[in-house]
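Okay, structure first, notes after.
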Amino acid sequence: MPAPEQVAENYSFDGVIRKFKATSTSLGGLETQFNVFVPKEALDGQKVPVLYYLAGLTCTEDTAPWKGGFLRDAAAEGIALVFPDTSPRGAGIEGEEKDWDFGTAAGFYLNATKDPWSKHYNMYDFLTSELPSLLSSLSLPLDLSRSSIFGHSMGGHGALTLYLKSLLASSPPTTYLSASAFAPIANPIKCQWGEKAFKGYLSGGVEEGKEYDATELIGQVKGKEVKILVDVGTGDIFYKQKQLLPENFIAARDAAGFSSKDVEVNLHEHYDHSYYFISTFAPAHIRFHAQILKNAAGKL
Ligand SMILES: N[C@@H](CCC(=O)N[C@@H](CS)C(=O)NCC(=O)O)C(=O)O
């Protein structure tokens, strides 16, 4: 696997955000781009933990660094941020660019099992296996054994499911120490976005989609140590349209016996789906992960 090529660099908050491009095996040989925010501590040679951010439908690897307001807090905490893209691009599949909620920028962070998507639409493998290898090939002091994950909407779904699946796997490709989400698609098998994605990408359709559904998975990790934070605005149009379904996730959490301290889900009046909402709660999410990632230093 060739090392990623750096294509941009901007100094920010005494650290630096670098954009890389790489040819991905998981994505069937397509080129993909990702951003890495490297805090000052890492530029000085200290090992720093890593927080992955998965963006939502229609987004790219640039949306969150530009609009999320995460860099100031990550710099203050001395943690690296990694921003991958939301799907493969340029697979050349008919209909790939037709809809904003399927195909390009709508990879749903799964491994497709249905033709013709299965050759390229494997964001799950890319994120859990290939991206960590690509990151370790960079000459940066990233401590990948201390990784956590967060995201928005489709990316909130991705963050919760990658985390919960890592807790369930006997030897996960990546172990995430915590997960958080802004307005996640929390029960995709029960909403239009999820049904469309699972029917389109998975040969087993919505039934197979259960393995990528946070509300299904939270019950399966019963008894394990779980650290999740979720924030949702009730002024969110997609919440109102029942695409997010946080109440279903809360009910499954309660049924599995998790406390609202370990799996915290907050509903906020007035806030919508936009990055105005995300940037409001960004500092709390960074603090949540930073505390867990820093506590793990020297213990893993
Ligand atoms: N394109 C959709 C909206 C899609 C949307 O809201 N995407 C969210 C993620 S699900 C987002 O983060 N968009 C980018 C942005 O707000 O900058 C529409 O026009 O209704």
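By convention here, the chains of the structure tokens are called A, B, ... in the order presented, each chain's residues are numbered starting at 1, and ligands are numbered starting at 1 in the order presented.
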Enumerate residues in contact with ligand 1: an atom-to-atom distance of at most 12 Å, counting only C-alpha atoms and all ligand atoms. Format the result as a PyMOL selection string. chain A and resi 54-68+86+99-102+105-108+151-158+182-185+193+236-239+241+243-244+272-279
Using only C-alpha atoms, tabulate the residues of range 187-278 of chain A lying at most 6 Å from any atom of range 110-128 of chain A, each with its closest atom pair and that distance in Å to one decimal, by chain and increasing residue number, as JSON lines.
```
{"residue": "A:Tyr201", "atom": "CA", "partner": "A:Ala112", "partner_atom": "CA", "distance": 4.8}
{"residue": "A:Leu202", "atom": "CA", "partner": "A:Thr113", "partner_atom": "CA", "distance": 4.8}
{"residue": "A:Ser203", "atom": "CA", "partner": "A:Lys114", "partner_atom": "CA", "distance": 4.6}
```
(message) I'd like the neighbourhood of range 10-20 of chain A as a PyMOL selection string, where a residue qualifies if any of its atoms comes within 6 Å (using only C-alpha atoms), though same-chain residues fewer than 4 positions away should be ignored.
(response) chain A and resi 4-6+33-40
Got time to write the residues from that selection, N, CA and C atoms, as a PDB file, in the first residue's frame?
```
ATOM      1  N   PRO A   4       0.115   7.666   1.899  1.00  0.00           N
ATOM      2  CA  PRO A   4      -0.718   8.768   1.417  1.00  0.00           C
ATOM      3  C   PRO A   4       0.145   9.961   0.994  1.00  0.00           C
ATOM      4  N   GLU A   5      -0.373  10.697   0.016  1.00  0.00           N
ATOM      5  CA  GLU A   5       0.363  11.877  -0.458  1.00  0.00           C
ATOM      6  C   GLU A   5      -0.270  13.134   0.148  1.00  0.00           C
ATOM      7  N   GLN A   6       0.557  13.986   0.729  1.00  0.00           N
ATOM      8  CA  GLN A   6       0.019  15.230   1.304  1.00  0.00           C
ATOM      9  C   GLN A   6      -0.302  16.219   0.186  1.00  0.00           C
ATOM     10  N   GLN A  33      -9.705  11.082  -0.115  1.00  0.00           N
ATOM     11  CA  GLN A  33      -8.976  12.135   0.592  1.00  0.00           C
ATOM     12  C   GLN A  33      -9.422  12.174   2.046  1.00  0.00           C
ATOM     13  N   PHE A  34      -8.509  12.586   2.916  1.00  0.00           N
ATOM     14  CA  PHE A  34      -8.881  12.788   4.314  1.00  0.00           C
ATOM     15  C   PHE A  34      -8.013  13.900   4.911  1.00  0.00           C
ATOM     16  N   ASN A  35      -8.542  14.553   5.944  1.00  0.00           N
ATOM     17  CA  ASN A  35      -7.819  15.610   6.656  1.00  0.00           C
ATOM     18  C   ASN A  35      -7.396  15.115   8.021  1.00  0.00           C
ATOM     19  N   VAL A  36      -6.227  15.555   8.451  1.00  0.00           N
ATOM     20  CA  VAL A  36      -5.750  15.236   9.804  1.00  0.00           C
ATOM     21  C   VAL A  36      -5.357  16.538  10.492  1.00  0.00           C
ATOM     22  N   PHE A  37      -5.988  16.825  11.634  1.00  0.00           N
ATOM     23  CA  PHE A  37      -5.532  17.953  12.439  1.00  0.00           C
ATOM     24  C   PHE A  37      -4.502  17.438  13.433  1.00  0.00           C
ATOM     25  N   VAL A  38      -3.316  18.002  13.364  1.00  0.00           N
ATOM     26  CA  VAL A  38      -2.204  17.577  14.217  1.00  0.00           C
ATOM     27  C   VAL A  38      -1.960  18.685  15.245  1.00  0.00           C
ATOM     28  N   PRO A  39      -2.200  18.403  16.537  1.00  0.00           N
ATOM     29  CA  PRO A  39      -2.001  19.475  17.523  1.00  0.00           C
ATOM     30  C   PRO A  39      -0.508  19.745  17.759  1.00  0.00           C
ATOM     31  N   LYS A  40      -0.241  20.887  18.359  1.00  0.00           N
ATOM     32  CA  LYS A  40       1.147  21.321  18.603  1.00  0.00           C
ATOM     33  C   LYS A  40       1.980  20.234  19.287  1.00  0.00           C
TER      34      LYS A  40
END
```
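With only C-alpha atoms as the atoms that count, the minimum distance from Gly209 in chain A to the choices A:Lys294, A:Ala251, A:Pro2, A:Tyr109 is reached by A:Tyr109.
With only C-alpha atoms as the atoms that count, the residue of A:Leu168, A:Ala42, A:Val50, A:Val226 with the shortest distance to Phe83 in chain A is A:Val50.
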Give the alpha helix (DSSP H) residues of range 21-212 of chain A, as assigned by DSSP on the backbone, as a PDB file with N, CA and C atoms, in the first residue's frame.
```pdb
ATOM      1  N   LYS A  40      -0.241  20.887  18.359  1.00  0.00           N
ATOM      2  CA  LYS A  40       1.147  21.321  18.603  1.00  0.00           C
ATOM      3  C   LYS A  40       1.980  20.234  19.287  1.00  0.00           C
ATOM      4  N   GLU A  41       1.380  19.555  20.271  1.00  0.00           N
ATOM      5  CA  GLU A  41       2.120  18.531  21.022  1.00  0.00           C
ATOM      6  C   GLU A  41       2.727  17.497  20.069  1.00  0.00           C
ATOM      7  N   ALA A  42       1.943  17.112  19.052  1.00  0.00           N
ATOM      8  CA  ALA A  42       2.443  16.098  18.108  1.00  0.00           C
ATOM      9  C   ALA A  42       3.531  16.694  17.221  1.00  0.00           C
ATOM     10  N   LEU A  43       3.389  17.970  16.872  1.00  0.00           N
ATOM     11  CA  LEU A  43       4.451  18.599  16.073  1.00  0.00           C
ATOM     12  C   LEU A  43       5.747  18.637  16.877  1.00  0.00           C
ATOM     13  N   THR A  63     -16.074  19.380   5.233  1.00  0.00           N
ATOM     14  CA  THR A  63     -17.237  20.041   5.841  1.00  0.00           C
ATOM     15  C   THR A  63     -17.005  20.320   7.328  1.00  0.00           C
ATOM     16  N   ALA A  64     -16.617  19.301   8.066  1.00  0.00           N
ATOM     17  CA  ALA A  64     -16.499  19.479   9.517  1.00  0.00           C
ATOM     18  C   ALA A  64     -15.326  20.366   9.930  1.00  0.00           C
ATOM     19  N   PRO A  65     -14.119  20.197   9.310  1.00  0.00           N
ATOM     20  CA  PRO A  65     -13.064  21.130   9.700  1.00  0.00           C
ATOM     21  C   PRO A  65     -13.428  22.586   9.397  1.00  0.00           C
ATOM     22  N   TRP A  66     -14.181  22.827   8.333  1.00  0.00           N
ATOM     23  CA  TRP A  66     -14.558  24.203   8.005  1.00  0.00           C
ATOM     24  C   TRP A  66     -15.663  24.735   8.901  1.00  0.00           C
ATOM     25  N   LYS A  67     -16.636  23.861   9.235  1.00  0.00           N
ATOM     26  CA  LYS A  67     -17.856  24.384   9.864  1.00  0.00           C
ATOM     27  C   LYS A  67     -18.122  23.889  11.282  1.00  0.00           C
ATOM     28  N   LEU A  71     -11.501  22.446  15.923  1.00  0.00           N
ATOM     29  CA  LEU A  71     -10.039  22.505  16.004  1.00  0.00           C
ATOM     30  C   LEU A  71      -9.520  23.213  17.256  1.00  0.00           C
ATOM     31  N   ARG A  72     -10.211  24.287  17.671  1.00  0.00           N
ATOM     32  CA  ARG A  72      -9.774  25.039  18.851  1.00  0.00           C
ATOM     33  C   ARG A  72      -9.739  24.126  20.089  1.00  0.00           C
ATOM     34  N   ASP A  73     -10.799  23.343  20.268  1.00  0.00           N
ATOM     35  CA  ASP A  73     -10.888  22.482  21.450  1.00  0.00           C
ATOM     36  C   ASP A  73      -9.942  21.290  21.362  1.00  0.00           C
ATOM     37  N   ALA A  74      -9.795  20.745  20.163  1.00  0.00           N
ATOM     38  CA  ALA A  74      -8.843  19.631  19.989  1.00  0.00           C
ATOM     39  C   ALA A  74      -7.420  20.118  20.263  1.00  0.00           C
ATOM     40  N   ALA A  75      -7.117  21.329  19.815  1.00  0.00           N
ATOM     41  CA  ALA A  75      -5.779  21.907  20.065  1.00  0.00           C
ATOM     42  C   ALA A  75      -5.579  22.093  21.566  1.00  0.00           C
ATOM     43  N   ALA A  76      -6.611  22.606  22.249  1.00  0.00           N
ATOM     44  CA  ALA A  76      -6.490  22.853  23.693  1.00  0.00           C
ATOM     45  C   ALA A  76      -6.280  21.542  24.456  1.00  0.00           C
ATOM     46  N   GLU A  77      -6.905  20.468  23.965  1.00  0.00           N
ATOM     47  CA  GLU A  77      -6.796  19.168  24.649  1.00  0.00           C
ATOM     48  C   GLU A  77      -5.595  18.350  24.170  1.00  0.00           C
ATOM     49  N   MET A 123     -16.937   1.486   3.037  1.00  0.00           N
ATOM     50  CA  MET A 123     -16.394   2.480   3.967  1.00  0.00           C
ATOM     51  C   MET A 123     -16.103   1.868   5.339  1.00  0.00           C
ATOM     52  N   TYR A 124     -16.838   0.818   5.709  1.00  0.00           N
ATOM     53  CA  TYR A 124     -16.596   0.189   7.023  1.00  0.00           C
ATOM     54  C   TYR A 124     -15.161  -0.360   7.082  1.00  0.00           C
ATOM     55  N   ASP A 125     -14.767  -1.123   6.063  1.00  0.00           N
ATOM     56  CA  ASP A 125     -13.403  -1.655   6.036  1.00  0.00           C
ATOM     57  C   ASP A 125     -12.386  -0.535   5.897  1.00  0.00           C
ATOM     58  N   LEU A 131      -7.726   2.907   6.905  1.00  0.00           N
ATOM     59  CA  LEU A 131      -7.343   4.263   7.318  1.00  0.00           C
ATOM     60  C   LEU A 131      -6.342   4.241   8.482  1.00  0.00           C
ATOM     61  N   PRO A 132      -6.563   3.411   9.524  1.00  0.00           N
ATOM     62  CA  PRO A 132      -5.537   3.359  10.574  1.00  0.00           C
ATOM     63  C   PRO A 132      -4.157   2.970  10.035  1.00  0.00           C
ATOM     64  N   SER A 133      -4.105   2.042   9.059  1.00  0.00           N
ATOM     65  CA  SER A 133      -2.792   1.686   8.471  1.00  0.00           C
ATOM     66  C   SER A 133      -2.201   2.862   7.724  1.00  0.00           C
ATOM     67  N   LEU A 134      -3.064   3.567   6.991  1.00  0.00           N
ATOM     68  CA  LEU A 134      -2.561   4.744   6.255  1.00  0.00           C
ATOM     69  C   LEU A 134      -2.023   5.782   7.240  1.00  0.00           C
ATOM     70  N   LEU A 135      -2.737   5.965   8.344  1.00  0.00           N
ATOM     71  CA  LEU A 135      -2.305   6.964   9.337  1.00  0.00           C
ATOM     72  C   LEU A 135      -0.981   6.548   9.975  1.00  0.00           C
ATOM     73  N   SER A 136      -0.836   5.233  10.208  1.00  0.00           N
ATOM     74  CA  SER A 136       0.415   4.812  10.857  1.00  0.00           C
ATOM     75  C   SER A 136       1.598   4.883   9.907  1.00  0.00           C
ATOM     76  N   MET A 154     -25.795  10.833   9.273  1.00  0.00           N
ATOM     77  CA  MET A 154     -25.290   9.556   8.776  1.00  0.00           C
ATOM     78  C   MET A 154     -23.958   9.221   9.455  1.00  0.00           C
ATOM     79  N   GLY A 155     -23.164  10.242   9.738  1.00  0.00           N
ATOM     80  CA  GLY A 155     -21.876  10.014  10.411  1.00  0.00           C
ATOM     81  C   GLY A 155     -22.043   9.701  11.891  1.00  0.00           C
ATOM     82  N   GLY A 156     -23.137  10.175  12.493  1.00  0.00           N
ATOM     83  CA  GLY A 156     -23.444   9.799  13.870  1.00  0.00           C
ATOM     84  C   GLY A 156     -23.814   8.332  13.925  1.00  0.00           C
ATOM     85  N   HIS A 157     -24.592   7.907  12.933  1.00  0.00           N
ATOM     86  CA  HIS A 157     -24.897   6.478  12.767  1.00  0.00           C
ATOM     87  C   HIS A 157     -23.587   5.693  12.608  1.00  0.00           C
ATOM     88  N   GLY A 158     -22.693   6.192  11.771  1.00  0.00           N
ATOM     89  CA  GLY A 158     -21.414   5.518  11.545  1.00  0.00           C
ATOM     90  C   GLY A 158     -20.597   5.418  12.827  1.00  0.00           C
ATOM     91  N   ALA A 159     -20.523   6.521  13.563  1.00  0.00           N
ATOM     92  CA  ALA A 159     -19.712   6.534  14.791  1.00  0.00           C
ATOM     93  C   ALA A 159     -20.264   5.535  15.806  1.00  0.00           C
ATOM     94  N   LEU A 160     -21.573   5.556  16.010  1.00  0.00           N
ATOM     95  CA  LEU A 160     -22.179   4.652  17.001  1.00  0.00           C
ATOM     96  C   LEU A 160     -22.012   3.194  16.575  1.00  0.00           C
ATOM     97  N   THR A 161     -22.219   2.912  15.298  1.00  0.00           N
ATOM     98  CA  THR A 161     -22.163   1.507  14.870  1.00  0.00           C
ATOM     99  C   THR A 161     -20.721   0.990  14.809  1.00  0.00           C
ATOM    100  N   LEU A 162     -19.781   1.807  14.365  1.00  0.00           N
ATOM    101  CA  LEU A 162     -18.386   1.334  14.359  1.00  0.00           C
ATOM    102  C   LEU A 162     -17.927   1.049  15.788  1.00  0.00           C
ATOM    103  N   TYR A 163     -18.335   1.921  16.712  1.00  0.00           N
ATOM    104  CA  TYR A 163     -17.958   1.738  18.124  1.00  0.00           C
ATOM    105  C   TYR A 163     -18.608   0.477  18.692  1.00  0.00           C
ATOM    106  N   LEU A 164     -19.919   0.352  18.525  1.00  0.00           N
ATOM    107  CA  LEU A 164     -20.632  -0.793  19.111  1.00  0.00           C
ATOM    108  C   LEU A 164     -20.157  -2.102  18.478  1.00  0.00           C
ATOM    109  N   LYS A 165     -19.893  -2.076  17.174  1.00  0.00           N
ATOM    110  CA  LYS A 165     -19.396  -3.292  16.504  1.00  0.00           C
ATOM    111  C   LYS A 165     -17.992  -3.638  17.021  1.00  0.00           C
ATOM    112  N   SER A 166     -17.202  -2.625  17.349  1.00  0.00           N
ATOM    113  CA  SER A 166     -15.854  -2.910  17.867  1.00  0.00           C
ATOM    114  C   SER A 166     -15.954  -3.555  19.252  1.00  0.00           C
ATOM    115  N   LEU A 167     -16.985  -3.182  20.029  1.00  0.00           N
ATOM    116  CA  LEU A 167     -17.166  -3.804  21.346  1.00  0.00           C
ATOM    117  C   LEU A 167     -17.596  -5.258  21.215  1.00  0.00           C
ATOM    118  N   LEU A 168     -18.300  -5.563  20.122  1.00  0.00           N
ATOM    119  CA  LEU A 168     -18.838  -6.919  19.930  1.00  0.00           C
ATOM    120  C   LEU A 168     -17.827  -7.880  19.310  1.00  0.00           C
ATOM    121  N   GLN A 192     -36.636   6.102   6.544  1.00  0.00           N
ATOM    122  CA  GLN A 192     -36.531   6.063   5.070  1.00  0.00           C
ATOM    123  C   GLN A 192     -35.096   6.068   4.563  1.00  0.00           C
ATOM    124  N   TRP A 193     -34.252   6.926   5.178  1.00  0.00           N
ATOM    125  CA  TRP A 193     -32.846   6.976   4.724  1.00  0.00           C
ATOM    126  C   TRP A 193     -32.190   5.610   4.844  1.00  0.00           C
ATOM    127  N   GLY A 194     -32.372   4.997   6.033  1.00  0.00           N
ATOM    128  CA  GLY A 194     -31.720   3.713   6.303  1.00  0.00           C
ATOM    129  C   GLY A 194     -32.259   2.608   5.415  1.00  0.00           C
ATOM    130  N   GLU A 195     -33.591   2.577   5.264  1.00  0.00           N
ATOM    131  CA  GLU A 195     -34.194   1.529   4.429  1.00  0.00           C
ATOM    132  C   GLU A 195     -33.673   1.619   2.999  1.00  0.00           C
ATOM    133  N   LYS A 196     -33.606   2.844   2.496  1.00  0.00           N
ATOM    134  CA  LYS A 196     -33.124   3.030   1.118  1.00  0.00           C
ATOM    135  C   LYS A 196     -31.666   2.571   0.991  1.00  0.00           C
ATOM    136  N   ALA A 197     -30.843   2.946   1.970  1.00  0.00           N
ATOM    137  CA  ALA A 197     -29.423   2.578   1.922  1.00  0.00           C
ATOM    138  C   ALA A 197     -29.257   1.060   2.028  1.00  0.00           C
ATOM    139  N   PHE A 198     -29.933   0.448   2.974  1.00  0.00           N
ATOM    140  CA  PHE A 198     -29.735  -0.986   3.202  1.00  0.00           C
ATOM    141  C   PHE A 198     -30.289  -1.808   2.033  1.00  0.00           C
ATOM    142  N   LYS A 199     -31.433  -1.399   1.498  1.00  0.00           N
ATOM    143  CA  LYS A 199     -31.978  -2.129   0.340  1.00  0.00           C
ATOM    144  C   LYS A 199     -31.067  -1.976  -0.871  1.00  0.00           C
ATOM    145  N   GLY A 200     -30.440  -0.793  -0.974  1.00  0.00           N
ATOM    146  CA  GLY A 200     -29.579  -0.532  -2.129  1.00  0.00           C
ATOM    147  C   GLY A 200     -28.214  -1.193  -2.030  1.00  0.00           C
ATOM    148  N   TYR A 201     -27.611  -1.168  -0.851  1.00  0.00           N
ATOM    149  CA  TYR A 201     -26.221  -1.626  -0.718  1.00  0.00           C
ATOM    150  C   TYR A 201     -26.086  -3.082  -0.275  1.00  0.00           C
ATOM    151  N   GLY A 205     -30.717  -6.739   2.330  1.00  0.00           N
ATOM    152  CA  GLY A 205     -31.621  -5.624   2.568  1.00  0.00           C
ATOM    153  C   GLY A 205     -31.668  -5.169   4.020  1.00  0.00           C
ATOM    154  N   VAL A 206     -32.859  -4.758   4.452  1.00  0.00           N
ATOM    155  CA  VAL A 206     -33.029  -4.168   5.786  1.00  0.00           C
ATOM    156  C   VAL A 206     -32.678  -5.180   6.881  1.00  0.00           C
ATOM    157  N   GLU A 207     -32.969  -6.446   6.645  1.00  0.00           N
ATOM    158  CA  GLU A 207     -32.631  -7.486   7.639  1.00  0.00           C
ATOM    159  C   GLU A 207     -31.110  -7.498   7.886  1.00  0.00           C
ATOM    160  N   GLU A 208     -30.339  -7.475   6.808  1.00  0.00           N
ATOM    161  CA  GLU A 208     -28.874  -7.431   6.948  1.00  0.00           C
ATOM    162  C   GLU A 208     -28.439  -6.110   7.592  1.00  0.00           C
ATOM    163  N   GLY A 209     -29.236  -5.063   7.369  1.00  0.00           N
ATOM    164  CA  GLY A 209     -28.925  -3.747   7.924  1.00  0.00           C
ATOM    165  C   GLY A 209     -28.946  -3.703   9.444  1.00  0.00           C
TER     166      GLY A 209
END
```
For CA of Val265 in chain A and CA of Leu245 in chain A, quote the distance in Å rounded to one decimal.
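Here the two named atoms are 11.7 Å from each other.
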Would you mind listing what lies within 10 Å of Ile292 in chain A as a PyMOL selection string, with only C-alpha atoms counted and same-chain residues fewer than 4 positions away left out?
chain A and resi 146-148+177-178+227+287-288+296-297
Saved selection, atoms kept: N, CA and C atoms, as an mmCIF file, in the first residue's frame:
```
data_model
loop_
_atom_site.group_PDB
_atom_site.id
_atom_site.type_symbol
_atom_site.label_atom_id
_atom_site.label_comp_id
_atom_site.auth_asym_id
_atom_site.auth_seq_id
_atom_site.Cartn_x
_atom_site.Cartn_y
_atom_site.Cartn_z
ATOM 1 N N ARG A 146 -5.125 4.609 21.184
ATOM 2 C CA ARG A 146 -6.116 5.451 21.881
ATOM 3 C C ARG A 146 -6.913 6.223 20.818
ATOM 4 N N SER A 147 -7.979 5.570 20.332
ATOM 5 C CA SER A 147 -8.830 6.174 19.304
ATOM 6 C C SER A 147 -10.266 6.233 19.788
ATOM 7 N N SER A 148 -10.954 7.298 19.421
ATOM 8 C CA SER A 148 -12.392 7.407 19.659
ATOM 9 C C SER A 148 -13.030 7.936 18.383
ATOM 10 N N LEU A 177 -12.419 3.858 22.060
ATOM 11 C CA LEU A 177 -12.623 3.953 23.518
ATOM 12 C C LEU A 177 -13.938 4.647 23.862
ATOM 13 N N SER A 178 -14.486 5.416 22.935
ATOM 14 C CA SER A 178 -15.762 6.116 23.184
ATOM 15 C C SER A 178 -16.354 6.543 21.848
ATOM 16 N N LYS A 227 -19.331 3.823 26.570
ATOM 17 C CA LYS A 227 -19.240 5.282 26.793
ATOM 18 C C LYS A 227 -19.725 6.012 25.549
ATOM 19 N N ARG A 287 -14.442 17.516 24.808
ATOM 20 C CA ARG A 287 -14.077 17.290 26.232
ATOM 21 C C ARG A 287 -14.401 15.862 26.659
ATOM 22 N N PHE A 288 -15.587 15.381 26.248
ATOM 23 C CA PHE A 288 -16.023 14.017 26.588
ATOM 24 C C PHE A 288 -14.971 12.994 26.136
ATOM 25 N N ALA A 296 -6.721 7.012 29.390
ATOM 26 C CA ALA A 296 -6.223 5.715 28.910
ATOM 27 C C ALA A 296 -4.709 5.734 28.700
ATOM 28 N N ALA A 297 -4.087 6.911 28.799
ATOM 29 C CA ALA A 297 -2.640 7.011 28.541
ATOM 30 C C ALA A 297 -1.884 6.103 29.502
#
```
Do a neighbour search on Lys210 in chain A at 9 Å with only C-alpha atoms, toss out local chain neighbours closer than 4 positions, and write the hits as a compact mmCIF listing (two decimals) with C-alpha atoms, in the first residue's frame.
```
# COMPACT_ATOMS: atom_id res chain seq x y z
CA ASN A 187 -32.41 3.37 14.17
CA PRO A 188 -31.79 3.21 10.38
CA ILE A 189 -33.76 -0.01 9.81
CA VAL A 206 -33.03 -4.17 5.79
CA ALA A 214 -27.19 1.42 16.76
CA THR A 215 -30.58 0.69 18.35
CA GLU A 216 -30.20 -3.02 17.52
CA LEU A 217 -26.54 -3.11 18.60
```
Here CA of Gly45 in chain A and CA of Leu138 in chain A stand apart by 13.1 Å
- Suppose you want the space between CA of Lys242 in chain A and CA of Tyr53 in chain A; what is it in Å?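 Taking CA of Lys242 in chain A and CA of Tyr53 in chain A, their separation equals 23.5 Å.
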All strand (DSSP E or B) positions in range 243-286 of chain A, as number ranges by chain:
A: 263-268
Selected residues, N, CA and C atoms, written as an mmCIF file, in the first residue's frame, please.
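Final output, saved to selection11.cif:
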```
data_model
loop_
_atom_site.group_PDB
_atom_site.id
_atom_site.type_symbol
_atom_site.label_atom_id
_atom_site.label_comp_id
_atom_site.auth_asym_id
_atom_site.auth_seq_id
_atom_site.Cartn_x
_atom_site.Cartn_y
_atom_site.Cartn_z
ATOM 1 N N VAL A 263 -24.557 6.056 28.754
ATOM 2 C CA VAL A 263 -25.075 6.272 27.394
ATOM 3 C C VAL A 263 -25.997 7.491 27.493
ATOM 4 N N GLU A 264 -25.367 8.661 27.362
ATOM 5 C CA GLU A 264 -26.098 9.919 27.601
ATOM 6 C C GLU A 264 -26.725 10.412 26.301
ATOM 7 N N VAL A 265 -28.025 10.622 26.319
ATOM 8 C CA VAL A 265 -28.716 11.145 25.129
ATOM 9 C C VAL A 265 -29.496 12.386 25.545
ATOM 10 N N ASN A 266 -29.149 13.524 24.953
ATOM 11 C CA ASN A 266 -29.791 14.789 25.318
ATOM 12 C C ASN A 266 -30.581 15.341 24.146
ATOM 13 N N LEU A 267 -31.831 15.707 24.416
ATOM 14 C CA LEU A 267 -32.648 16.382 23.404
ATOM 15 C C LEU A 267 -32.687 17.863 23.752
ATOM 16 N N HIS A 268 -32.442 18.711 22.758
ATOM 17 C CA HIS A 268 -32.366 20.156 22.991
ATOM 18 C C HIS A 268 -33.421 20.873 22.167
#
```
